[in-house]
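Visitor: Pasting a structure below so you can have a look.
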Amino acid sequence: MRILICDDDSSITSVLSQLITTYFGKKKTKCPEIVSFDNGESLLSDKGDKDIVFLDVEMPGFDGIYVGNKLKQQNESVIIFIVTSFIEYLDAAMRFHVFRYLSKPIDKQRLFQNLDDALELYTSLNRLVAIETKSGVARISTDEIIYIEAKGRNVTLHTNSADYESTQTLQFWINALPKSSFFQSHRSFIVNLAKVTHFDHELIYLCDDQFTAYLTRRKFTEFKNAYLLFMESKR
């Protein structure tokens, strides 16, 4: 994991870095790499992983809203904190599903509580699963799964890069996948809530309408509530 901090005020990057280090120390776990930037251009040109990012809004050059949008376009799973004194940027930040909005000066306890939530989300998004197929075993991140479809005894995992014919049952995948981000919408379908574009009483549209999955009418309300809860957890 890498944590990036971007603020043109060096005192803020220093305080955040120290608080994050303290947080992991209290957790008695190894602190991840923390990298600081004083402008958005430098952060965007960074070639390393961007797992959790703390962004100031008002910076010379690219502002935090622009940088946040670019980061989400590159990787929809990046967890973004907006750190600013200006509450008027909240609506703009929410458009790209910022994870949390932190006010300056940084409140230590609020930061620590939000880091708890961020790590829980990071773990669920980056959890690895082993797919058993007739030709071998493939290991992928759960975040790569778009949806799972069962046709008779055949179970197919549709992912960002390929389709896998799993020898494991649909029930296996219901139990194996994190319930906070996956939902069985139909007896033959499990969908990744992070990939949902929109839905009606019969169909769920995924990945900008590239894929569809069935939604049982009796599960519509349950699915809607699960989806809204999932979206709220990403704010």
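Chains: A, B, ... in order of the structure tokens. Residues: from 1 per chain. Ligands: from 1, in order shown.
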If you run DSSP on this backbone, which residues of range 78-195 of chain A come out as strand (DSSP E), and could you give them as a count of residues only?
Guide: 48
Visitor: Could I get the residues of range 49-152 of chain A with an atom no further than 12 Å from an atom of range 174-181 of chain A, each paired with its nearest atom pair and that distance in Å to one decimal, using only C-alpha atoms, sorted by chain and residue number, as a tab-separated table?
Guide:
residue	atom	partner	partner_atom	distance
A:Glu120	CA	A:Ser180	CA	10.2
A:Leu121	CA	A:Ser180	CA	9.0
A:Tyr122	CA	A:Ser181	CA	11.5
A:Thr123	CA	A:Pro178	CA	9.8
A:Ser124	CA	A:Pro178	CA	6.4
A:Leu125	CA	A:Ser181	CA	8.2
A:Asn126	CA	A:Pro178	CA	10.7
A:Arg127	CA	A:Pro178	CA	8.6
A:Leu128	CA	A:Leu177	CA	9.7
A:Val129	CA	A:Ala176	CA	8.0
A:Ala130	CA	A:Ala176	CA	9.9
A:Ile131	CA	A:Ala176	CA	10.9
A:Ser141	CA	A:Leu177	CA	10.5
A:Thr142	CA	A:Leu177	CA	7.4
A:Asp143	CA	A:Ser181	CA	9.1
A:Ile145	CA	A:Leu177	CA	10.1
A:Ile146	CA	A:Ser181	CA	11.0
A:Tyr147	CA	A:Leu177	CA	11.3
A:Ile148	CA	A:Ile174	CA	9.7
A:Glu149	CA	A:Ile174	CA	11.6
A:Ala150	CA	A:Ile174	CA	11.8
Visitor: Keeping only N, CA and C atoms, write the selected residues as a PDB file, in the first residue's frame.
Guide:
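selection32.pdb written:
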ATOM      1  N   GLU A 120     -10.606  -0.658   5.883  1.00  0.00           N
ATOM      2  CA  GLU A 120     -11.605  -1.718   5.698  1.00  0.00           C
ATOM      3  C   GLU A 120     -12.029  -1.786   4.234  1.00  0.00           C
ATOM      4  N   LEU A 121     -12.257  -0.615   3.626  1.00  0.00           N
ATOM      5  CA  LEU A 121     -12.627  -0.578   2.210  1.00  0.00           C
ATOM      6  C   LEU A 121     -11.476  -1.072   1.343  1.00  0.00           C
ATOM      7  N   TYR A 122     -10.263  -0.635   1.637  1.00  0.00           N
ATOM      8  CA  TYR A 122      -9.090  -1.056   0.856  1.00  0.00           C
ATOM      9  C   TYR A 122      -8.945  -2.575   0.892  1.00  0.00           C
ATOM     10  N   THR A 123      -9.138  -3.159   2.072  1.00  0.00           N
ATOM     11  CA  THR A 123      -9.006  -4.612   2.218  1.00  0.00           C
ATOM     12  C   THR A 123     -10.058  -5.336   1.385  1.00  0.00           C
ATOM     13  N   SER A 124     -11.306  -4.841   1.425  1.00  0.00           N
ATOM     14  CA  SER A 124     -12.366  -5.501   0.666  1.00  0.00           C
ATOM     15  C   SER A 124     -12.140  -5.368  -0.843  1.00  0.00           C
ATOM     16  N   LEU A 125     -11.624  -4.212  -1.285  1.00  0.00           N
ATOM     17  CA  LEU A 125     -11.394  -3.995  -2.713  1.00  0.00           C
ATOM     18  C   LEU A 125     -10.200  -4.782  -3.229  1.00  0.00           C
ATOM     19  N   ASN A 126      -9.235  -5.024  -2.365  1.00  0.00           N
ATOM     20  CA  ASN A 126      -7.991  -5.660  -2.806  1.00  0.00           C
ATOM     21  C   ASN A 126      -7.849  -7.104  -2.324  1.00  0.00           C
ATOM     22  N   ARG A 127      -8.934  -7.658  -1.845  1.00  0.00           N
ATOM     23  CA  ARG A 127      -8.919  -9.045  -1.401  1.00  0.00           C
ATOM     24  C   ARG A 127      -8.685  -9.964  -2.598  1.00  0.00           C
ATOM     25  N   LEU A 128      -7.817 -10.943  -2.441  1.00  0.00           N
ATOM     26  CA  LEU A 128      -7.513 -11.875  -3.521  1.00  0.00           C
ATOM     27  C   LEU A 128      -8.328 -13.155  -3.369  1.00  0.00           C
ATOM     28  N   VAL A 129      -8.786 -13.679  -4.489  1.00  0.00           N
ATOM     29  CA  VAL A 129      -9.507 -14.951  -4.479  1.00  0.00           C
ATOM     30  C   VAL A 129      -8.883 -15.864  -5.526  1.00  0.00           C
ATOM     31  N   ALA A 130      -8.994 -17.158  -5.279  1.00  0.00           N
ATOM     32  CA  ALA A 130      -8.468 -18.156  -6.218  1.00  0.00           C
ATOM     33  C   ALA A 130      -9.632 -18.758  -7.003  1.00  0.00           C
ATOM     34  N   ILE A 131      -9.548 -18.681  -8.325  1.00  0.00           N
ATOM     35  CA  ILE A 131     -10.579 -19.247  -9.197  1.00  0.00           C
ATOM     36  C   ILE A 131     -10.084 -20.579  -9.732  1.00  0.00           C
ATOM     37  N   SER A 141      -7.870 -10.111  -7.876  1.00  0.00           N
ATOM     38  CA  SER A 141      -8.461  -9.253  -6.854  1.00  0.00           C
ATOM     39  C   SER A 141      -9.976  -9.247  -7.044  1.00  0.00           C
ATOM     40  N   THR A 142     -10.717  -9.212  -5.941  1.00  0.00           N
ATOM     41  CA  THR A 142     -12.179  -9.180  -6.046  1.00  0.00           C
ATOM     42  C   THR A 142     -12.646  -7.928  -6.787  1.00  0.00           C
ATOM     43  N   ASP A 143     -11.850  -6.863  -6.740  1.00  0.00           N
ATOM     44  CA  ASP A 143     -12.229  -5.626  -7.416  1.00  0.00           C
ATOM     45  C   ASP A 143     -12.283  -5.803  -8.933  1.00  0.00           C
ATOM     46  N   ILE A 145     -13.649  -8.315 -10.470  1.00  0.00           N
ATOM     47  CA  ILE A 145     -14.876  -9.021 -10.844  1.00  0.00           C
ATOM     48  C   ILE A 145     -15.989  -8.020 -11.130  1.00  0.00           C
ATOM     49  N   ILE A 146     -16.621  -8.156 -12.284  1.00  0.00           N
ATOM     50  CA  ILE A 146     -17.758  -7.305 -12.642  1.00  0.00           C
ATOM     51  C   ILE A 146     -19.046  -7.976 -12.178  1.00  0.00           C
ATOM     52  N   TYR A 147     -19.250  -9.221 -12.598  1.00  0.00           N
ATOM     53  CA  TYR A 147     -20.382  -9.999 -12.104  1.00  0.00           C
ATOM     54  C   TYR A 147     -20.108 -11.475 -12.332  1.00  0.00           C
ATOM     55  N   ILE A 148     -20.891 -12.310 -11.668  1.00  0.00           N
ATOM     56  CA  ILE A 148     -20.780 -13.756 -11.796  1.00  0.00           C
ATOM     57  C   ILE A 148     -22.122 -14.280 -12.269  1.00  0.00           C
ATOM     58  N   GLU A 149     -22.067 -15.188 -13.236  1.00  0.00           N
ATOM     59  CA  GLU A 149     -23.289 -15.699 -13.864  1.00  0.00           C
ATOM     60  C   GLU A 149     -23.273 -17.224 -13.863  1.00  0.00           C
ATOM     61  N   ALA A 150     -24.392 -17.816 -13.468  1.00  0.00           N
ATOM     62  CA  ALA A 150     -24.528 -19.275 -13.480  1.00  0.00           C
ATOM     63  C   ALA A 150     -25.520 -19.686 -14.554  1.00  0.00           C
TER      64      ALA A 150
END
Visitor: Residues of range 9-100 of chain A in helix (DSSP H, G or I) according to DSSP, as an MDAnalysis selection string?
Guide: chainID A and resid 10:27 40:45 64:74 87:94
Visitor: I'd like the neighbourhood of Ser103 in chain A as a tab-separated table (two decimals) with all heavy atoms, in the first residue's frame, where a residue qualifies if any of its atoms comes within 7 Å (using only C-alpha atoms), though same-chain residues fewer than 5 positions away should be ignored.
Guide:
chain	number	residue	atom	x	y	z
A	83	VAL	N	-8.85	17.40	1.74
A	83	VAL	CA	-8.44	18.11	2.96
A	83	VAL	C	-8.40	19.61	2.65
A	83	VAL	O	-7.55	20.05	1.87
A	83	VAL	CB	-7.06	17.63	3.46
A	83	VAL	CG1	-6.72	18.29	4.80
A	83	VAL	CG2	-7.03	16.11	3.59
A	84	THR	N	-9.31	20.37	3.22
A	84	THR	CA	-9.38	21.79	2.89
A	84	THR	C	-10.11	22.57	3.98
A	84	THR	O	-10.81	21.97	4.81
A	84	THR	CB	-10.07	22.00	1.54
A	84	THR	OG1	-10.03	23.38	1.18
A	84	THR	CG2	-11.52	21.54	1.59
A	85	SER	N	-9.96	23.87	3.95
A	85	SER	CA	-10.69	24.75	4.87
A	85	SER	C	-11.97	25.27	4.24
A	85	SER	O	-12.75	25.96	4.91
A	85	SER	CB	-9.80	25.94	5.26
A	85	SER	OG	-8.59	25.50	5.82
Visitor: With only C-alpha atoms as the atoms that count, which of A:Phe24, A:Phe223, A:Phe99, A:Phe183 lies nearest to Leu170 in chain A?
Guide: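 Counting only C-alpha atoms, the residue closest to Leu170 in chain A is A:Phe183.
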Visitor: Pick out the residues sitting within 10 Å of Ile82 in chain A, and hand them over as a list of chain:residue names; count only C-alpha atoms, and ignore anything fewer than 2 positions along from it in its own chain.
Guide: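 Using only C-alpha atoms, the neighbours found are A:Cys6, A:Val53, A:Phe54, A:Leu55, A:Asp56, A:Val57, A:Gly64, A:Ile65, A:Gly68, A:Ile80, A:Thr84, A:Ser85, A:Tyr89, A:Leu90, A:Ala93, A:Met94, A:Val98, A:Phe99, A:Arg100, A:Tyr101, A:Leu102, A:Ser103.
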Visitor: Find the residues near Val137 in chain A: any atom within 12 Å, counting only C-alpha atoms, skip ones fewer than 4 places away on the same chain, and give them as a list in words.
Guide: Val129, Ala130, Ile131, Glu132, Thr133, Tyr164, Glu165, Ser166, Thr167 and Gln168 of chain A
Visitor: Measure the distance from CA of Ser10 in chain A to CA of Ile106 in chain A in Å and round it to one decimal.
Guide: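 CA of Ile106 in chain A lies at a distance of 13.8 Å from CA of Ser10 in chain A.
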Visitor: Using CA of Leu19 in chain A and CA of Ser77 in chain A as the two end points, give the distance in Å to one decimal.
Guide: 23.4 Å
Visitor: Kindly indicate which residue among A:Cys207, A:Ile52, A:Ala138, A:Arg187 lies nearest to Asp163 in chain A, using only C-alpha atoms for the distances.
Guide: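 Once distances to Asp163 in chain A are computed over only C-alpha atoms, the minimum belongs to A:Ala138.
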Visitor: Report, in Å with one decimal, the straight-line distance from CA of Glu41 in chain A to CA of Ile20 in chain A.
Guide: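 Spanning CA of Glu41 in chain A to CA of Ile20 in chain A is a straight-line distance of 23.3 Å.
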Visitor: Pick out the closest residue to Thr21 in chain A from this set: A:His186, A:Arg218, A:Lys195, A:Lys108. Count only C-alpha atoms.
Guide: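 Selected residue with least distance to Thr21 in chain A: A:Lys108.
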Visitor: Using only C-alpha atoms, which residue out of A:Phe189, A:Phe182, A:Ala194, A:Thr22 lies closest to Gln109 in chain A?
Guide: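 Ranking A:Phe189, A:Phe182, A:Ala194, A:Thr22 by distance to Gln109 in chain A, first place goes to A:Thr22.
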